[in-house]
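Undergrad: Okay, so here is upload.cif, and as you'll see once you scroll down, it has mmCIF, N, CA and C atoms.
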```cif
data_my_file
loop_
_atom_site.label_atom_id
_atom_site.label_comp_id
_atom_site.auth_asym_id
_atom_site.auth_seq_id
_atom_site.Cartn_x
_atom_site.Cartn_y
_atom_site.Cartn_z
N MET X 1 0.85 -1.16 0.00
CA MET X 1 0.00 0.00 0.00
C MET X 1 0.90 1.23 0.00
N LEU X 2 0.56 2.18 -0.83
CA LEU X 2 1.32 3.42 -0.90
C LEU X 2 0.48 4.56 -0.35
N SER X 3 1.09 5.37 0.49
CA SER X 3 0.48 6.60 0.98
C SER X 3 1.03 7.74 0.13
N CYS X 4 0.13 8.41 -0.61
CA CYS X 4 0.53 9.41 -1.60
C CYS X 4 -0.08 10.76 -1.26
N PRO X 5 0.59 11.58 -0.46
CA PRO X 5 0.03 12.86 -0.03
C PRO X 5 -0.36 13.80 -1.18
N GLU X 6 0.32 13.69 -2.32
CA GLU X 6 0.01 14.56 -3.46
C GLU X 6 -1.10 13.96 -4.33
N GLY X 7 -1.66 12.85 -3.90
CA GLY X 7 -2.76 12.23 -4.61
C GLY X 7 -2.38 10.91 -5.23
N ALA X 8 -3.25 9.91 -5.04
CA ALA X 8 -3.00 8.58 -5.57
C ALA X 8 -3.00 8.58 -7.09
N THR X 9 -3.86 9.38 -7.70
CA THR X 9 -3.93 9.43 -9.16
C THR X 9 -2.62 9.93 -9.75
N ASN X 10 -2.08 10.99 -9.17
CA ASN X 10 -0.81 11.54 -9.63
C ASN X 10 0.33 10.55 -9.44
N CYS X 11 0.36 9.88 -8.29
CA CYS X 11 1.41 8.89 -8.00
C CYS X 11 1.34 7.74 -9.00
N LEU X 12 0.13 7.24 -9.26
CA LEU X 12 -0.04 6.15 -10.21
C LEU X 12 0.42 6.57 -11.60
N HIS X 13 0.07 7.77 -12.00
CA HIS X 13 0.50 8.27 -13.32
C HIS X 13 2.03 8.28 -13.42
N LYS X 14 2.69 8.75 -12.38
CA LYS X 14 4.15 8.81 -12.40
C LYS X 14 4.79 7.41 -12.40
N LEU X 15 4.23 6.51 -11.60
CA LEU X 15 4.74 5.14 -11.59
C LEU X 15 4.66 4.52 -12.98
N ARG X 16 3.50 4.65 -13.60
CA ARG X 16 3.31 4.07 -14.92
C ARG X 16 4.15 4.78 -15.98
N GLU X 17 4.35 6.08 -15.81
CA GLU X 17 5.17 6.83 -16.77
C GLU X 17 6.58 6.26 -16.85
N VAL X 18 7.13 5.88 -15.71
CA VAL X 18 8.47 5.29 -15.69
C VAL X 18 8.43 3.83 -16.12
N LEU X 19 7.54 3.06 -15.52
CA LEU X 19 7.52 1.62 -15.81
C LEU X 19 7.12 1.31 -17.24
N ASP X 20 6.25 2.09 -17.84
CA ASP X 20 5.88 1.84 -19.24
C ASP X 20 7.09 1.95 -20.15
N ARG X 21 8.04 2.79 -19.79
CA ARG X 21 9.25 2.94 -20.60
C ARG X 21 10.26 1.84 -20.30
N VAL X 22 10.40 1.49 -19.03
CA VAL X 22 11.39 0.49 -18.63
C VAL X 22 10.96 -0.92 -19.04
N GLU X 23 9.67 -1.20 -18.99
CA GLU X 23 9.20 -2.54 -19.31
C GLU X 23 9.22 -2.84 -20.80
N ARG X 24 9.48 -1.83 -21.63
CA ARG X 24 9.53 -2.03 -23.09
C ARG X 24 10.83 -1.42 -23.65
N PRO X 25 11.97 -1.92 -23.18
CA PRO X 25 13.22 -1.28 -23.61
C PRO X 25 13.66 -1.62 -25.02
N GLY X 26 13.05 -2.58 -25.67
CA GLY X 26 13.52 -2.98 -26.98
C GLY X 26 14.43 -4.18 -26.87
N GLU X 27 15.11 -4.48 -27.94
CA GLU X 27 15.95 -5.67 -27.96
C GLU X 27 17.25 -5.51 -27.17
N VAL X 28 17.80 -4.32 -27.14
CA VAL X 28 19.05 -4.07 -26.43
C VAL X 28 18.77 -3.11 -25.28
N TRP X 29 19.27 -3.47 -24.08
CA TRP X 29 19.09 -2.61 -22.91
C TRP X 29 19.88 -1.32 -23.14
N PRO X 30 19.22 -0.17 -23.10
CA PRO X 30 19.91 1.09 -23.36
C PRO X 30 21.00 1.40 -22.32
N SER X 31 21.92 2.26 -22.68
CA SER X 31 22.95 2.73 -21.75
C SER X 31 22.31 3.71 -20.77
N VAL X 32 23.01 4.02 -19.69
CA VAL X 32 22.51 4.99 -18.72
C VAL X 32 22.25 6.33 -19.42
N GLU X 33 23.15 6.72 -20.30
CA GLU X 33 22.97 7.99 -21.02
C GLU X 33 21.71 7.97 -21.88
N GLN X 34 21.43 6.83 -22.50
CA GLN X 34 20.19 6.71 -23.29
C GLN X 34 18.97 6.73 -22.39
N TRP X 35 19.06 6.08 -21.23
CA TRP X 35 17.95 6.10 -20.28
C TRP X 35 17.67 7.51 -19.80
N GLU X 36 18.71 8.32 -19.65
CA GLU X 36 18.50 9.71 -19.23
C GLU X 36 17.60 10.45 -20.20
N GLU X 37 17.65 10.08 -21.46
CA GLU X 37 16.80 10.68 -22.49
C GLU X 37 15.42 10.02 -22.55
N LEU X 38 15.35 8.73 -22.24
CA LEU X 38 14.10 7.97 -22.36
C LEU X 38 13.17 8.14 -21.17
N LEU X 39 13.74 8.30 -20.00
CA LEU X 39 12.92 8.39 -18.78
C LEU X 39 12.47 9.83 -18.53
N PRO X 40 11.38 9.99 -17.78
CA PRO X 40 10.90 11.34 -17.48
C PRO X 40 11.95 12.16 -16.72
N THR X 41 12.03 13.40 -17.04
CA THR X 41 13.01 14.30 -16.41
C THR X 41 12.87 14.32 -14.90
N TRP X 42 11.63 14.35 -14.39
CA TRP X 42 11.42 14.41 -12.93
C TRP X 42 12.08 13.21 -12.23
N PHE X 43 12.05 12.03 -12.88
CA PHE X 43 12.65 10.85 -12.27
C PHE X 43 14.17 10.92 -12.33
N VAL X 44 14.70 11.25 -13.48
CA VAL X 44 16.16 11.33 -13.65
C VAL X 44 16.74 12.35 -12.67
N GLU X 45 16.08 13.49 -12.52
CA GLU X 45 16.59 14.54 -11.63
C GLU X 45 16.48 14.15 -10.15
N ALA X 46 15.57 13.25 -9.81
CA ALA X 46 15.44 12.80 -8.43
C ALA X 46 16.57 11.84 -8.04
N CYS X 47 17.17 11.20 -9.02
CA CYS X 47 18.24 10.24 -8.75
C CYS X 47 19.53 10.97 -8.35
N ALA X 48 20.29 10.33 -7.50
CA ALA X 48 21.54 10.91 -7.00
C ALA X 48 22.66 10.72 -8.01
N THR X 49 23.65 11.57 -7.90
CA THR X 49 24.88 11.39 -8.65
C THR X 49 25.57 10.16 -8.08
N PRO X 50 26.09 9.28 -8.92
CA PRO X 50 26.79 8.10 -8.38
C PRO X 50 27.92 8.50 -7.44
N MET X 51 28.08 7.75 -6.38
CA MET X 51 29.14 8.01 -5.40
C MET X 51 30.47 7.53 -5.93
N SER X 52 31.50 8.24 -5.54
CA SER X 52 32.86 7.75 -5.82
C SER X 52 33.11 6.56 -4.89
N ASN X 53 34.16 5.82 -5.14
CA ASN X 53 34.50 4.69 -4.25
C ASN X 53 34.73 5.17 -2.83
N GLU X 54 35.37 6.32 -2.69
CA GLU X 54 35.65 6.86 -1.36
C GLU X 54 34.36 7.25 -0.65
N GLU X 55 33.43 7.87 -1.37
CA GLU X 55 32.15 8.25 -0.78
C GLU X 55 31.35 7.01 -0.38
N ALA X 56 31.36 6.00 -1.23
CA ALA X 56 30.64 4.76 -0.93
C ALA X 56 31.24 4.07 0.30
N ASP X 57 32.56 4.04 0.39
CA ASP X 57 33.21 3.43 1.55
C ASP X 57 32.87 4.18 2.83
N ALA X 58 32.86 5.52 2.76
CA ALA X 58 32.54 6.33 3.94
C ALA X 58 31.09 6.11 4.37
N TRP X 59 30.16 6.04 3.41
CA TRP X 59 28.76 5.82 3.74
C TRP X 59 28.58 4.44 4.38
N LEU X 60 29.24 3.43 3.81
CA LEU X 60 29.13 2.09 4.35
C LEU X 60 29.70 2.01 5.76
N LEU X 61 30.77 2.71 6.02
CA LEU X 61 31.36 2.74 7.36
C LEU X 61 30.37 3.36 8.35
N ARG X 62 29.76 4.51 7.96
CA ARG X 62 28.76 5.15 8.84
C ARG X 62 27.57 4.21 9.07
N TRP X 63 27.12 3.54 8.01
CA TRP X 63 25.98 2.64 8.10
C TRP X 63 26.27 1.48 9.05
N ARG X 64 27.46 0.92 8.96
CA ARG X 64 27.83 -0.21 9.82
C ARG X 64 27.91 0.20 11.29
N GLN X 65 28.19 1.48 11.56
CA GLN X 65 28.29 1.96 12.93
C GLN X 65 26.94 2.34 13.53
N MET X 66 25.90 2.38 12.69
CA MET X 66 24.56 2.72 13.17
C MET X 66 23.96 1.55 13.94
N PRO X 67 23.11 1.87 14.90
CA PRO X 67 22.34 0.79 15.52
C PRO X 67 21.48 0.10 14.46
N GLU X 68 21.26 -1.17 14.63
CA GLU X 68 20.46 -1.95 13.66
C GLU X 68 19.12 -1.28 13.37
N SER X 69 18.52 -0.70 14.39
CA SER X 69 17.20 -0.08 14.24
C SER X 69 17.22 1.14 13.32
N GLU X 70 18.38 1.75 13.11
CA GLU X 70 18.48 2.96 12.27
C GLU X 70 18.92 2.66 10.84
N ARG X 71 19.41 1.47 10.59
CA ARG X 71 19.98 1.15 9.27
C ARG X 71 18.94 1.22 8.15
N LEU X 72 17.78 0.63 8.35
CA LEU X 72 16.75 0.63 7.31
C LEU X 72 16.30 2.05 7.00
N GLN X 73 16.13 2.85 8.03
CA GLN X 73 15.73 4.25 7.83
C GLN X 73 16.80 5.01 7.03
N ALA X 74 18.06 4.75 7.32
CA ALA X 74 19.15 5.41 6.58
C ALA X 74 19.16 4.97 5.13
N GLU X 75 18.91 3.69 4.89
CA GLU X 75 18.86 3.18 3.51
C GLU X 75 17.71 3.82 2.74
N ASP X 76 16.55 3.93 3.39
CA ASP X 76 15.39 4.53 2.73
C ASP X 76 15.60 6.00 2.42
N ALA X 77 16.34 6.69 3.26
CA ALA X 77 16.56 8.13 3.05
C ALA X 77 17.62 8.41 1.99
N LYS X 78 18.42 7.42 1.68
CA LYS X 78 19.52 7.59 0.72
C LYS X 78 18.99 7.48 -0.71
N PRO X 79 19.13 8.53 -1.51
CA PRO X 79 18.66 8.46 -2.90
C PRO X 79 19.47 7.47 -3.71
N TRP X 80 18.81 6.83 -4.65
CA TRP X 80 19.47 5.89 -5.55
C TRP X 80 20.04 6.66 -6.73
N SER X 81 21.16 6.19 -7.25
CA SER X 81 21.65 6.74 -8.52
C SER X 81 20.85 6.07 -9.63
N LEU X 82 20.79 6.72 -10.76
CA LEU X 82 20.06 6.16 -11.90
C LEU X 82 20.69 4.83 -12.33
N SER X 83 22.01 4.76 -12.35
CA SER X 83 22.66 3.52 -12.78
C SER X 83 22.36 2.37 -11.82
N ASP X 84 22.33 2.64 -10.51
CA ASP X 84 22.00 1.59 -9.55
C ASP X 84 20.56 1.11 -9.74
N TRP X 85 19.64 2.05 -9.91
CA TRP X 85 18.24 1.70 -10.10
C TRP X 85 18.06 0.88 -11.38
N LEU X 86 18.68 1.34 -12.45
CA LEU X 86 18.56 0.64 -13.73
C LEU X 86 19.12 -0.78 -13.67
N TYR X 87 20.19 -0.97 -12.90
CA TYR X 87 20.76 -2.31 -12.75
C TYR X 87 19.68 -3.29 -12.28
N TRP X 88 18.89 -2.88 -11.27
CA TRP X 88 17.87 -3.76 -10.71
C TRP X 88 16.64 -3.88 -11.59
N MET X 89 16.53 -3.02 -12.61
CA MET X 89 15.39 -3.08 -13.53
C MET X 89 15.72 -3.89 -14.79
N GLU X 90 16.99 -4.18 -15.01
CA GLU X 90 17.36 -4.99 -16.18
C GLU X 90 16.61 -6.32 -16.13
N PRO X 91 16.13 -6.79 -17.27
CA PRO X 91 15.37 -8.04 -17.28
C PRO X 91 16.11 -9.21 -16.60
N SER X 92 17.42 -9.27 -16.69
CA SER X 92 18.17 -10.37 -16.07
C SER X 92 18.28 -10.22 -14.55
N GLN X 93 18.03 -9.03 -14.01
CA GLN X 93 18.17 -8.78 -12.58
C GLN X 93 16.84 -8.62 -11.85
N SER X 94 15.85 -8.12 -12.54
CA SER X 94 14.59 -7.78 -11.90
C SER X 94 13.91 -9.00 -11.30
N VAL X 95 13.48 -8.88 -10.05
CA VAL X 95 12.81 -9.98 -9.37
C VAL X 95 11.33 -9.69 -9.14
N TRP X 96 10.87 -8.56 -9.65
CA TRP X 96 9.45 -8.22 -9.53
C TRP X 96 8.95 -7.60 -10.82
N ARG X 97 7.66 -7.73 -11.04
CA ARG X 97 6.98 -7.13 -12.19
C ARG X 97 5.70 -6.48 -11.70
N TRP X 98 5.32 -5.40 -12.32
CA TRP X 98 4.06 -4.72 -12.03
C TRP X 98 2.91 -5.63 -12.45
N ALA X 99 1.96 -5.84 -11.56
CA ALA X 99 0.78 -6.63 -11.91
C ALA X 99 -0.43 -5.71 -12.10
N ARG X 100 -0.72 -4.90 -11.07
CA ARG X 100 -1.87 -3.97 -11.17
C ARG X 100 -1.84 -2.98 -10.00
N ALA X 101 -2.66 -1.97 -10.12
CA ALA X 101 -2.81 -0.99 -9.04
C ALA X 101 -4.27 -0.61 -8.93
N THR X 102 -4.70 -0.34 -7.69
CA THR X 102 -6.06 0.07 -7.41
C THR X 102 -6.02 1.26 -6.47
N GLN X 103 -6.72 2.32 -6.84
CA GLN X 103 -6.80 3.48 -5.96
C GLN X 103 -7.79 3.16 -4.86
N ARG X 104 -7.35 3.24 -3.60
CA ARG X 104 -8.18 2.90 -2.45
C ARG X 104 -8.73 4.14 -1.75
N GLY X 105 -8.39 5.28 -2.22
CA GLY X 105 -8.85 6.54 -1.63
C GLY X 105 -8.08 7.66 -2.30
N PRO X 106 -8.35 8.89 -1.93
CA PRO X 106 -7.68 10.01 -2.59
C PRO X 106 -6.16 9.99 -2.47
N VAL X 107 -5.67 9.39 -1.36
CA VAL X 107 -4.21 9.38 -1.16
C VAL X 107 -3.66 7.98 -0.91
N GLU X 108 -4.45 6.95 -1.21
CA GLU X 108 -4.00 5.58 -1.01
C GLU X 108 -4.05 4.80 -2.31
N LEU X 109 -2.95 4.12 -2.57
CA LEU X 109 -2.82 3.34 -3.79
C LEU X 109 -2.34 1.94 -3.42
N GLU X 110 -3.10 0.94 -3.82
CA GLU X 110 -2.69 -0.44 -3.61
C GLU X 110 -2.02 -0.93 -4.89
N VAL X 111 -0.78 -1.35 -4.77
CA VAL X 111 -0.02 -1.85 -5.91
C VAL X 111 0.27 -3.32 -5.68
N VAL X 112 0.01 -4.12 -6.70
CA VAL X 112 0.30 -5.55 -6.62
C VAL X 112 1.45 -5.83 -7.57
N LEU X 113 2.50 -6.43 -7.02
CA LEU X 113 3.67 -6.81 -7.80
C LEU X 113 3.72 -8.33 -7.90
N SER X 114 4.16 -8.81 -9.02
CA SER X 114 4.40 -10.24 -9.21
C SER X 114 5.87 -10.47 -8.89
N VAL X 115 6.15 -11.36 -7.94
CA VAL X 115 7.52 -11.59 -7.51
C VAL X 115 7.94 -13.03 -7.77
N GLU X 116 9.24 -13.23 -7.87
CA GLU X 116 9.82 -14.55 -8.11
C GLU X 116 10.34 -15.12 -6.81
N GLY X 117 9.46 -15.59 -5.93
CA GLY X 117 9.85 -16.18 -4.67
C GLY X 117 10.03 -15.16 -3.56
N MET X 118 10.21 -15.68 -2.37
CA MET X 118 10.38 -14.85 -1.19
C MET X 118 11.64 -15.31 -0.47
N PRO X 119 12.35 -14.49 0.22
CA PRO X 119 12.17 -13.04 0.27
C PRO X 119 12.54 -12.39 -1.06
N VAL X 120 12.12 -11.16 -1.25
CA VAL X 120 12.38 -10.47 -2.51
C VAL X 120 12.90 -9.07 -2.21
N ALA X 121 13.87 -8.63 -3.01
CA ALA X 121 14.44 -7.29 -2.87
C ALA X 121 13.54 -6.30 -3.58
N LEU X 122 12.98 -5.37 -2.84
CA LEU X 122 12.06 -4.39 -3.41
C LEU X 122 12.57 -2.96 -3.30
N GLY X 123 13.85 -2.80 -3.08
CA GLY X 123 14.41 -1.46 -2.96
C GLY X 123 14.20 -0.60 -4.19
N ALA X 124 14.32 -1.19 -5.38
CA ALA X 124 14.13 -0.42 -6.61
C ALA X 124 12.68 0.05 -6.72
N PHE X 125 11.74 -0.79 -6.29
CA PHE X 125 10.34 -0.36 -6.30
C PHE X 125 10.12 0.75 -5.28
N ARG X 126 10.68 0.58 -4.10
CA ARG X 126 10.52 1.60 -3.04
C ARG X 126 11.06 2.95 -3.53
N TRP X 127 12.22 2.96 -4.19
CA TRP X 127 12.80 4.20 -4.69
C TRP X 127 11.88 4.84 -5.74
N LEU X 128 11.39 4.04 -6.66
CA LEU X 128 10.47 4.55 -7.67
C LEU X 128 9.23 5.14 -7.01
N ALA X 129 8.66 4.42 -6.04
CA ALA X 129 7.46 4.91 -5.36
C ALA X 129 7.73 6.24 -4.66
N GLN X 130 8.88 6.36 -4.00
CA GLN X 130 9.22 7.60 -3.31
C GLN X 130 9.35 8.75 -4.29
N THR X 131 10.00 8.52 -5.41
CA THR X 131 10.17 9.60 -6.38
C THR X 131 8.84 9.98 -7.02
N ALA X 132 7.90 9.03 -7.06
CA ALA X 132 6.57 9.29 -7.64
C ALA X 132 5.64 9.98 -6.66
N GLY X 133 6.08 10.16 -5.42
CA GLY X 133 5.28 10.90 -4.45
C GLY X 133 4.76 10.09 -3.28
N ALA X 134 5.12 8.83 -3.17
CA ALA X 134 4.67 8.02 -2.04
C ALA X 134 5.57 8.28 -0.84
N GLU X 135 4.96 8.53 0.31
CA GLU X 135 5.75 8.72 1.52
C GLU X 135 5.80 7.45 2.34
N GLY X 136 4.73 6.72 2.35
CA GLY X 136 4.70 5.48 3.10
C GLY X 136 4.50 4.31 2.17
N VAL X 137 5.37 3.31 2.28
CA VAL X 137 5.25 2.10 1.49
C VAL X 137 5.17 0.94 2.48
N THR X 138 4.04 0.23 2.47
CA THR X 138 3.90 -0.94 3.34
C THR X 138 3.67 -2.16 2.46
N TYR X 139 4.15 -3.30 2.93
CA TYR X 139 4.08 -4.53 2.16
C TYR X 139 3.23 -5.57 2.87
N ASP X 140 2.41 -6.26 2.11
CA ASP X 140 1.69 -7.44 2.59
C ASP X 140 2.25 -8.62 1.81
N SER X 141 2.38 -9.75 2.45
CA SER X 141 2.90 -10.92 1.73
C SER X 141 1.80 -11.69 1.07
#
```
Go ahead and render the structure in this file as structure tokens.
TA:
Amino acid sequence: MLSCPEGATNCLHKLREVLDRVERPGEVWPSVEQWEELLPTWFVEACATPMSNEEADAWLLRWRQMPESERLQAEDAKPWSLSDWLYWMEPSQSVWRWARATQRGPVELEVVLSVEGMPVALGAFRWLAQTAGAEGVTYDS
């Protein structure tokens, strides 16, 4: 279930705007530079600049020093780079597919994903949902 303060209709439109492009990439998976042209500007601009090795090492060190209870929150607050997100959307990597969505109220959107077994990594979906305007993402199994 997604909580969408800016409206479930708007959030659904943005989700589909990105996924409609990613789910039909053609025969060859485009480069990151090509994806920057293919994906909506609002999504590309929401993505972080890729970290250098030194920045990634520093972030990982800080993360490891956090109490376990704070790690998930830190991960959720950290923006994804476009290249990292695209990696998890490649057909050979993706472990989930969009099945359907139902608007449950003005600011609630129920999204059903088709997954390949459990547990499943849904970080790429969570990032997409956040950039589309969802503040709360809850999962039912």
Undergrad: The PyMOL selection byres (((chain X and resi 4-21 and name CA) around 8) and name CA) - which residues does that actually catch in the file I just gave you? List them as a count of residues only.
TA: 24
Undergrad: As a list in words, which residues of chain X does DSSP assign to strand (DSSP E)?
TA: Leu2, Ser3, Trp96, Arg97, Trp98, Ala99, Arg100, Ala101, Thr102, Gln103, Arg104, Gly105, Glu108, Leu109, Glu110, Val111, Val112, Leu113, Ser114, Val115, Gly136 and Val137 of chain X
Undergrad: Mind listing the alpha helix (DSSP H) residues of chain X, per DSSP on the backbone, as a PyMOL selection string?
TA: chain X and resi 8-22+32-38+41-46+53-65+68-77+82-89+123-131
Undergrad: In Å to one decimal, how far is atom N of X:Trp98 from atom N of X:Met118?
TA: 15.1 Å
Undergrad: Please measure the separation of atom C of X:Val32 and atom N of X:Trp80, giving the value in Å to one decimal.
TA: 15.2 Å
Undergrad: Rank X:Gln73, X:Gln93, X:Ser81, X:Thr138 by their smallest atom-to-atom distance to X:Met51, using all atoms listed in the file, and report the top residue only.
TA: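 Ranked by minimum distance to X:Met51, first place goes to X:Ser81.
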Undergrad: Between X:Lys78, X:Ala121, X:Thr131, X:Pro50, single out the one closest to X:Trp63, counting only C-alpha atoms.
TA: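 Closest candidate: X:Lys78.
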Undergrad: Rounded to one decimal, what separation in Å do you get between atom CA of X:Glu55 and atom C of X:Pro119?
TA: 28.5 Å
Undergrad: Using only N, CA and C atoms, which protein or nucleic acid residues come within 6 Å of X:Arg97? Drop anything in the same chain fewer than 3 positions from it, and give the result as a PyMOL selection string.
TA: chain X and resi 112-115
Undergrad: Between X:Pro79, X:Pro91, X:Pro67, X:Gly117, which residue has the minimum interatomic distance to X:Pro30, considering only C-alpha atoms?
TA: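 The closest residue to X:Pro30 is X:Pro91.
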Undergrad: So that I can check the surroundings of X:Ala124, please list as a list in words every protein, DNA and RNA residue that reaches within 8 Å of it, counting only N, CA and C atoms and ignoring chain neighbours fewer than 3 positions away.
TA: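 Near X:Ala124, the qualifying residues are Asp84, Trp85, Leu86, Trp88, Met89, Ala121, Trp127, Leu128, Ala129 and Gln130 of chain X.
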Undergrad: May I have the selected residues written with N, CA and C atoms, as a compact mmCIF listing (two decimals), in the coordinates of the input?
TA:
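The resulting again19.txt:
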```txt
# COMPACT_ATOMS: atom_id res chain seq x y z
N ASP X 84 22.33 2.64 -10.51
CA ASP X 84 22.00 1.59 -9.55
C ASP X 84 20.56 1.11 -9.74
N TRP X 85 19.64 2.05 -9.91
CA TRP X 85 18.24 1.70 -10.10
C TRP X 85 18.06 0.88 -11.38
N LEU X 86 18.68 1.34 -12.45
CA LEU X 86 18.56 0.64 -13.73
C LEU X 86 19.12 -0.78 -13.67
N TRP X 88 18.89 -2.88 -11.27
CA TRP X 88 17.87 -3.76 -10.71
C TRP X 88 16.64 -3.88 -11.59
N MET X 89 16.53 -3.02 -12.61
CA MET X 89 15.39 -3.08 -13.53
C MET X 89 15.72 -3.89 -14.79
N ALA X 121 13.87 -8.63 -3.01
CA ALA X 121 14.44 -7.29 -2.87
C ALA X 121 13.54 -6.30 -3.58
N TRP X 127 12.22 2.96 -4.19
CA TRP X 127 12.80 4.20 -4.69
C TRP X 127 11.88 4.84 -5.74
N LEU X 128 11.39 4.04 -6.66
CA LEU X 128 10.47 4.55 -7.67
C LEU X 128 9.23 5.14 -7.01
N ALA X 129 8.66 4.42 -6.04
CA ALA X 129 7.46 4.91 -5.36
C ALA X 129 7.73 6.24 -4.66
N GLN X 130 8.88 6.36 -4.00
CA GLN X 130 9.22 7.60 -3.31
C GLN X 130 9.35 8.75 -4.29
```
Undergrad: For each of X:Glu116, X:Val111, X:Ala77, X:Asp57, take the minimum atom-to-atom distance to X:Ser94, counting all atoms listed in the file, then give the residue where this is smallest.
TA: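 When distances to X:Ser94 are compared using all atoms listed in the file, the smallest one comes from X:Glu116.
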